[in-house]
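Enquirer: Have a peek at entry_10.cif (mmCIF, C-alpha atoms).
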```cif
data_entry
#
loop_
_atom_site.label_atom_id
_atom_site.label_comp_id
_atom_site.auth_asym_id
_atom_site.auth_seq_id
_atom_site.Cartn_x
_atom_site.Cartn_y
_atom_site.Cartn_z
CA MET X 1 -1.89 83.15 108.36
CA THR X 2 0.22 81.33 105.84
CA GLU X 3 3.93 80.72 106.22
CA PRO X 4 5.05 83.51 103.83
CA GLN X 5 2.85 86.00 105.69
CA ILE X 6 4.35 84.93 109.01
CA MET X 7 7.83 85.41 107.55
CA ILE X 8 6.97 88.91 106.32
CA VAL X 9 5.56 89.88 109.72
CA PHE X 10 8.66 88.47 111.41
CA ILE X 11 10.98 90.45 109.10
CA ILE X 12 9.00 93.66 109.72
CA LEU X 13 9.13 93.13 113.49
CA MET X 14 12.86 92.42 113.36
CA PHE X 15 13.33 95.53 111.19
CA ILE X 16 11.52 97.71 113.72
CA THR X 17 13.41 96.07 116.59
CA THR X 18 16.83 96.57 115.02
CA VAL X 19 16.07 100.21 114.20
CA GLY X 20 14.82 100.85 117.73
CA ILE X 21 17.74 99.14 119.42
CA THR X 22 20.27 100.88 117.17
CA VAL X 23 18.82 104.32 117.88
CA PHE X 24 18.53 103.61 121.61
CA LEU X 25 22.07 102.26 122.06
CA VAL X 26 23.74 104.90 119.92
CA LYS X 27 21.81 107.76 121.51
CA ARG X 28 22.50 106.68 125.10
CA SER X 29 26.26 106.28 124.56
CA ASN X 30 28.71 109.10 124.04
CA GLY X 31 31.93 109.86 122.19
CA ASN X 32 33.76 107.09 120.39
CA ALA X 33 31.52 104.44 121.93
CA ARG X 34 28.76 105.57 119.56
CA LEU X 35 30.68 104.29 116.56
CA TYR X 36 31.25 100.92 118.21
CA TRP X 37 27.59 100.58 119.16
CA PHE X 38 26.55 101.62 115.67
CA ILE X 39 28.84 99.07 113.99
CA ALA X 40 27.68 96.32 116.37
CA CYS X 41 24.02 97.13 115.71
CA VAL X 42 24.54 97.18 111.95
CA MET X 43 26.22 93.76 112.10
CA ALA X 44 23.40 92.45 114.29
CA SER X 45 20.80 93.78 111.87
CA PHE X 46 22.56 92.03 108.98
CA TYR X 47 22.38 88.84 111.01
CA LEU X 48 18.75 89.24 112.12
CA VAL X 49 17.08 90.82 109.11
CA GLY X 50 19.28 89.75 106.22
CA TYR X 51 21.49 91.52 103.76
CA LEU X 52 18.60 92.82 101.65
CA VAL X 53 16.72 94.61 104.44
CA ALA X 54 19.62 95.57 106.75
CA PRO X 55 20.85 98.53 104.67
CA PHE X 56 17.36 100.03 104.91
CA SER X 57 17.46 99.48 108.66
CA THR X 58 20.79 101.30 108.85
CA VAL X 59 19.58 104.24 106.76
CA ILE X 60 16.38 104.56 108.78
CA SER X 61 18.43 104.50 112.00
CA LEU X 62 20.68 107.26 110.69
CA LEU X 63 17.67 109.33 109.64
CA ILE X 64 16.10 108.99 113.08
CA LEU X 65 19.40 109.95 114.72
CA PHE X 66 19.59 112.95 112.38
CA LEU X 67 16.09 114.05 113.37
CA MET X 68 16.87 113.59 117.08
CA LYS X 69 20.00 115.75 117.05
CA ASN X 70 20.30 118.85 119.20
CA GLU X 71 23.00 121.47 119.68
CA LYS X 72 24.65 119.82 122.69
CA ASP X 73 24.44 116.19 121.60
CA ASN X 74 24.91 115.15 117.98
CA ALA X 75 25.29 111.40 117.54
CA LEU X 76 25.99 111.62 113.80
CA VAL X 77 29.05 113.81 114.33
CA ASP X 78 30.43 111.32 116.85
CA ILE X 79 29.80 108.42 114.45
CA LYS X 80 31.42 110.35 111.57
CA ASP X 81 34.49 111.29 113.66
CA GLY X 82 34.87 107.75 114.93
CA LEU X 83 34.57 106.37 111.40
CA PHE X 84 37.26 108.75 110.13
CA HIS X 85 39.54 107.75 113.00
CA LEU X 86 38.92 104.07 112.26
CA ILE X 87 39.71 104.56 108.56
CA ALA X 88 42.87 106.54 109.37
CA PHE X 89 44.02 103.90 111.85
CA SER X 90 43.36 101.12 109.32
CA ALA X 91 45.23 102.98 106.57
CA SER X 92 48.22 103.61 108.81
CA GLY X 93 48.25 99.94 109.82
CA LEU X 94 48.11 98.92 106.17
CA PHE X 95 51.06 101.18 105.32
CA PHE X 96 52.98 99.75 108.28
CA VAL X 97 52.39 96.20 107.00
CA ILE X 98 53.43 97.17 103.46
CA TYR X 99 56.58 98.90 104.77
CA GLY X 100 57.46 95.84 106.85
CA LEU X 101 56.86 93.53 103.89
CA LEU X 102 59.13 95.64 101.72
CA ALA X 103 61.87 95.60 104.35
CA ILE X 104 61.65 91.84 104.57
CA GLY X 105 61.57 91.69 100.76
CA GLY X 106 64.99 93.33 100.58
CA PHE X 107 66.46 90.71 102.88
CA TYR X 108 64.66 87.97 100.98
CA TRP X 109 66.31 89.15 97.76
CA LEU X 110 69.69 88.64 99.41
CA TRP X 111 68.62 85.22 100.68
CA MET X 112 67.55 84.25 97.15
CA ALA X 113 70.99 85.37 95.89
CA ILE X 114 72.67 83.12 98.44
CA GLN X 115 70.37 80.21 97.52
CA LEU X 116 71.07 80.65 93.80
CA GLY X 117 74.78 81.19 94.45
CA SER X 118 74.73 84.35 92.37
CA PHE X 119 77.39 86.86 93.35
CA TRP X 120 76.02 89.55 91.02
CA MET X 121 72.49 89.15 92.36
CA PHE X 122 73.85 89.72 95.85
CA ILE X 123 75.79 92.81 94.73
CA VAL X 124 72.68 94.19 93.01
CA GLY X 125 70.69 93.57 96.21
CA VAL X 126 73.20 95.46 98.35
CA PHE X 127 73.54 98.45 96.00
CA PRO X 128 71.13 101.18 97.28
CA LEU X 129 70.00 102.50 93.90
CA SER X 130 68.73 99.08 92.88
CA PHE X 131 66.43 98.90 95.93
CA LEU X 132 63.66 100.32 93.74
CA VAL X 133 63.61 97.00 91.88
CA THR X 134 65.06 94.43 94.27
CA VAL X 135 62.90 95.21 97.32
CA PRO X 136 59.48 94.89 95.58
CA VAL X 137 60.66 91.83 93.64
CA GLY X 138 61.91 90.28 96.88
CA ALA X 139 58.56 90.96 98.58
CA TYR X 140 56.72 89.50 95.58
CA SER X 141 58.99 86.46 95.66
CA LEU X 142 58.33 85.97 99.35
CA ILE X 143 54.59 85.76 98.74
CA PHE X 144 54.26 84.21 95.27
CA GLY X 145 57.61 82.57 94.61
CA MET X 146 60.65 83.62 92.65
CA PRO X 147 59.85 84.90 89.15
CA ASP X 148 61.33 83.01 86.22
CA TRP X 149 63.10 86.08 84.87
CA VAL X 150 65.14 86.37 88.09
CA ILE X 151 66.29 82.77 87.78
CA SER X 152 67.09 83.14 84.06
CA PHE X 153 68.87 86.48 84.55
CA PHE X 154 70.92 85.68 87.66
CA GLY X 155 70.83 81.88 87.87
#
```
Using structure tokens, write down the structure that the file contains.

Expert:
Amino acid sequence: MTEPQIMIVFIILMFITTVGITVFLVKRSNGNARLYWFIACVMASFYLVGYLVAPFSTVISLLILFLMKNEKDNALVDIKDGLFHLIAFSASGLFFVIYGLLAIGGFYWLWMAIQLGSFWMFIVGVFPLSFLVTVPVGAYSLIFGMPDWVISFFG
């Protein structure tokens, strides 16, 4: 056999192995652990087979799990529920980070006012109605630096 043929045989064997291991590990686990095993197996298949063949491996694994379902044990429902919980948890964490950044942005606006020595910038930062502008601008300034228009307007 030539080297390209050996590579093709190796990729096919790894494809079959990753599909078999994914189905076995997901089917033998239960509840939320199925999602974790599925994600771990998908990452391992991307590592072993490559990014061109791994999506096919994942789809074939899901099809086999779909064909193996029964009324008492449905692995796809557990994977779907776990994935929705993971997405919801990630979204809530993202909103928490954004809310925290905005809170810090409001204080950073006041700190910028003190650094510039601008009394009116400080008053605008304390006034609650102006929070719609000062808090996002303060958060932006914390990450990217103070915009020129703030310096020219208040400085």

Enquirer: Using all atoms listed in the file for the distances, tell me which of X:Val133, X:Val23, X:Ile12, X:Leu86 is nearest to Val42 in chain X.

Expert: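 Closest to Val42 in chain X, using all atoms listed in the file: X:Val23.
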
Enquirer: Counting only C-alpha atoms, figure out which residue out of X:Lys27, X:Gly82, X:Val137, X:Ile11 gets nearest to Lys69 in chain X.

Expert: X:Lys27

Enquirer: Since I can't run it myself right now, could you work out what the PyMOL selection byres ((chain X and resi 104) around 12) selects here and report it as an MDAnalysis selection string?

Expert: chainID X and resid 97:103 105:111 134:143

Enquirer: Just want the 9 Å neighbourhood of Gly155 in chain X, counted on all atoms listed in the file, with same-chain residues fewer than 2 positions away dropped. Output as number ranges by chain.

Expert: X: 113, 116-118, 121, 150-153

Enquirer: Work out how far apart CA of Met14 in chain X and CA of Val49 in chain X are and give it in Å to one decimal.

Expert: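 Between these atoms lies a distance of 6.2 Å.
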
Enquirer: What does the structure give for the distance between CA of Asn74 in chain X and CA of Tyr36 in chain X, in Å to one decimal?

Expert: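 Between CA of Asn74 in chain X and CA of Tyr36 in chain X the gap works out to 15.6 Å.
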
Enquirer: For the provided coordinates, the residues matched by the PyMOL selection byres ((chain X and resi 75) around 8) should be stated as a ChimeraX atom specification.

Expert: /X:26-27,30,34,65-66,69,73-74,76-79

Enquirer: Which of these, X:Gly145, X:Gly20, X:Gly31, X:Gly50, has the shortest distance to Ile64 in chain X once you count all atoms listed in the file?

Expert: X:Gly20

Enquirer: At a cut-off of 9 Å from (19.5, 100.8, 109.0) in the coordinates of the file, what residues are picked up using only C-alpha atoms, written as a PyMOL selection string?

Expert: chain X and resi 15+18-19+22+41-42+45+53-63

Enquirer: Let me know the centre plus edge lengths, in Å and rounded to one decimal, of a box with edges along x, y and z that contains all listed atoms of range 116-121 of chain X and is padded by 6 Å on every side, as JSON.

Expert:
```
{"center_x": 74.2, "center_y": 85.1, "center_z": 92.7, "size_x": 18.3, "size_y": 20.9, "size_z": 15.4}
```

Enquirer: One decimal, Å: what's the distance from CA of Phe144 in chain X over to CA of Phe122 in chain X, could you say?

Expert: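 Pair CA of Phe144 in chain X / CA of Phe122 in chain X returns 20.4 Å.
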
Enquirer: Of the residues X:Ala88, X:Ala44, X:Met146, X:Leu13, which is the one nearest to Gln115 in chain X, using only C-alpha atoms?

Expert: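 When distances to Gln115 in chain X are compared using only C-alpha atoms, the smallest one comes from X:Met146.
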